[in-house]
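Report on the structure given below.
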Amino acid sequence: MAEDTTHQHSSPTESSDSNRAEPVEDGGFFVNVSRGSLREQILINKPASDVWKLVGAPERLSEWFPGIVESHVEGDVRTITTDAGNKLPEQILTIDPVAMRFQYRITAPIVKEHLGTVDVVALGDDSCLVLYSTDADPRTFALMISGASGTALEELKRIVEGL
């Protein structure tokens, strides 16, 4: 199977009140223009359970996310250290081994709002799709994380497939 690294992006639309969603004629909604929502995905030719062993272990993030050199977990708080020495606190929201979903929120003051979601979706016995979704305010932060998460998914694939 060919590698799928499709990048999907959503574009915010302006509204008169950027903090409130308003219905529009076609049934869509206006959204906060300062907020970004992006998704990266990759096909991995290994069982979902193998991939989940890394994705579902928050302390192992530095093994597959380039630029993160340390990941320390205490309770529901994960603190990551970047290769520049910056420490970012994150709140772990969900570790669901049945749905194979990991969710977290960056709680550093530089971010107004953030939700990161990593889903591992089985496509059969020997392959899976990994989706890394980022919602953040400010939008530029979502763009930054999304770019890094695309690279991280490629590294995850390389590690799990043993390439």
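FYI, nothing fancy with the structure tokens labels: chains A, B, ... in order, residues from 1 per chain, ligands from 1 as they appear.
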Residues near Asp96 (chain A), cut-off 12 Å, only C-alpha atoms, skip fewer than 3 positions along chain, as a PDB file with C-alpha atoms, in the first residue's frame:
ATOM      1  CA  TRP A  52      -1.013   2.293  19.944  1.00  0.00           C
ATOM      2  CA  LYS A  53       1.863   1.025  22.126  1.00  0.00           C
ATOM      3  CA  VAL A  55       0.764   6.695  20.792  1.00  0.00           C
ATOM      4  CA  GLY A  56      -1.055   5.562  23.937  1.00  0.00           C
ATOM      5  CA  ALA A  57       2.019   5.980  26.163  1.00  0.00           C
ATOM      6  CA  PRO A  58       2.339   9.740  26.803  1.00  0.00           C
ATOM      7  CA  ILE A  92      -3.823  14.694  29.454  1.00  0.00           C
ATOM      8  CA  LEU A  93      -7.553  14.517  28.766  1.00  0.00           C
ATOM      9  CA  ALA A  99     -11.034   3.643  20.821  1.00  0.00           C
ATOM     10  CA  MET A 100      -7.234   4.068  20.539  1.00  0.00           C
ATOM     11  CA  ARG A 101      -7.578   7.807  21.141  1.00  0.00           C
ATOM     12  CA  PHE A 102      -5.190  10.120  22.975  1.00  0.00           C
ATOM     13  CA  GLN A 103      -6.190  13.718  23.721  1.00  0.00           C
ATOM     14  CA  TYR A 104      -4.313  16.490  25.442  1.00  0.00           C
ATOM     15  CA  THR A 117      -6.206  14.444  19.355  1.00  0.00           C
ATOM     16  CA  VAL A 118      -4.367  11.406  18.032  1.00  0.00           C
ATOM     17  CA  ASP A 119      -6.546   8.564  16.739  1.00  0.00           C
ATOM     18  CA  VAL A 120      -5.288   5.151  15.614  1.00  0.00           C
TER      19      VAL A 120
END
- Find the spatial neighbours of Ser146 (chain A), counting only C-alpha atoms, within a cut-off of 9 Å - ignore same-chain residues fewer than 2 positions away - and output them as a PyMOL selection string. chain A and resi 37-40+132-134+141-144+148-151
Hey, what's within 6 Å of Gln91 (chain A) if we count only C-alpha atoms and toss same-chain stuff fewer than 6 positions away? As a PDB file with N, CA and C atoms, in the first residue's frame, please?
ATOM      1  N   ASP A  76      -2.171  13.532  35.567  1.00  0.00           N
ATOM      2  CA  ASP A  76      -2.713  13.878  34.251  1.00  0.00           C
ATOM      3  C   ASP A  76      -1.951  15.035  33.597  1.00  0.00           C
ATOM      4  N   VAL A  77      -0.745  15.312  34.082  1.00  0.00           N
ATOM      5  CA  VAL A  77       0.079  16.381  33.513  1.00  0.00           C
ATOM      6  C   VAL A  77       1.308  15.786  32.842  1.00  0.00           C
ATOM      7  N   TYR A 104      -5.020  15.662  24.478  1.00  0.00           N
ATOM      8  CA  TYR A 104      -4.313  16.490  25.442  1.00  0.00           C
ATOM      9  C   TYR A 104      -4.568  17.959  25.138  1.00  0.00           C
ATOM     10  N   ARG A 105      -4.256  18.788  26.115  1.00  0.00           N
ATOM     11  CA  ARG A 105      -4.390  20.230  25.981  1.00  0.00           C
ATOM     12  C   ARG A 105      -3.092  20.874  26.453  1.00  0.00           C
TER      13      ARG A 105
END
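Reported to one decimal place, the separation of CA of Lys157 (chain A) from CA of Ala84 (chain A) is 24.6 Å.
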- Message: For the helix (DSSP H, G or I) assignment from backbone DSSP, which residues of region 51-136 of chain A qualify? Please present them as a PyMOL selection string.
- Response: chain A and resi 51-55+58-64
Write to file, as a short mmCIF file (atom, residue, chain, number, x, y, z; two decimals), in the first residue's frame, the residues of the selection just made, with C-alpha atoms.
data_model
loop_
_atom_site.label_atom_id
_atom_site.label_comp_id
_atom_site.auth_asym_id
_atom_site.auth_seq_id
_atom_site.Cartn_x
_atom_site.Cartn_y
_atom_site.Cartn_z
CA VAL A 51 1.11 1.73 16.83
CA TRP A 52 -1.01 2.29 19.94
CA LYS A 53 1.86 1.02 22.13
CA LEU A 54 3.67 4.29 21.31
CA VAL A 55 0.76 6.69 20.79
CA PRO A 58 2.34 9.74 26.80
CA GLU A 59 5.77 9.35 28.39
CA ARG A 60 7.11 7.95 25.07
CA LEU A 61 6.31 11.02 22.94
CA SER A 62 9.98 12.00 22.62
CA GLU A 63 10.64 8.67 20.85
CA TRP A 64 8.56 9.63 17.82
#
- Message: So, with only C-alpha atoms as the atoms that count, which of A:Thr81, A:Val73, A:Val98, A:Pro89 lies closest to Ala122 (chain A)?
- Response: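 Ranked by minimum distance to Ala122 (chain A), first place goes to A:Val98.
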- Task: Tell me which of A:Pro97, A:Ala136, A:Thr107, A:His114 sits closest to Asp50 (chain A), counting only C-alpha atoms.
- Result: A:Pro97
Skip Asp137 (chain A) itself and residues of its chain fewer than 5 positions away, then list as a PDB file with N, CA and C atoms, in the first residue's frame all residues within 7 Å of it, counting only C-alpha atoms.
ATOM      1  N   SER A  34      -9.699  33.669  14.941  1.00  0.00           N
ATOM      2  CA  SER A  34      -8.351  33.520  15.492  1.00  0.00           C
ATOM      3  C   SER A  34      -8.006  32.061  15.778  1.00  0.00           C
ATOM      4  N   ARG A  35      -8.980  31.164  15.635  1.00  0.00           N
ATOM      5  CA  ARG A  35      -8.804  29.742  15.955  1.00  0.00           C
ATOM      6  C   ARG A  35      -8.509  28.945  14.695  1.00  0.00           C
ATOM      7  N   GLY A  36      -7.577  28.000  14.794  1.00  0.00           N
ATOM      8  CA  GLY A  36      -7.256  27.134  13.671  1.00  0.00           C
ATOM      9  C   GLY A  36      -7.572  25.690  13.993  1.00  0.00           C
ATOM     10  N   VAL A 111      -0.725  29.925  24.830  1.00  0.00           N
ATOM     11  CA  VAL A 111      -1.826  29.354  24.061  1.00  0.00           C
ATOM     12  C   VAL A 111      -3.141  29.684  24.761  1.00  0.00           C
ATOM     13  N   LYS A 112      -4.049  30.328  24.030  1.00  0.00           N
ATOM     14  CA  LYS A 112      -5.354  30.680  24.591  1.00  0.00           C
ATOM     15  C   LYS A 112      -6.233  29.435  24.726  1.00  0.00           C
ATOM     16  N   GLU A 113      -6.206  28.602  23.684  1.00  0.00           N
ATOM     17  CA  GLU A 113      -7.025  27.385  23.662  1.00  0.00           C
ATOM     18  C   GLU A 113      -6.301  26.343  22.815  1.00  0.00           C
ATOM     19  N   HIS A 114      -6.328  25.087  23.236  1.00  0.00           N
ATOM     20  CA  HIS A 114      -5.693  24.026  22.455  1.00  0.00           C
ATOM     21  C   HIS A 114      -6.349  22.689  22.769  1.00  0.00           C
TER      22      HIS A 114
END
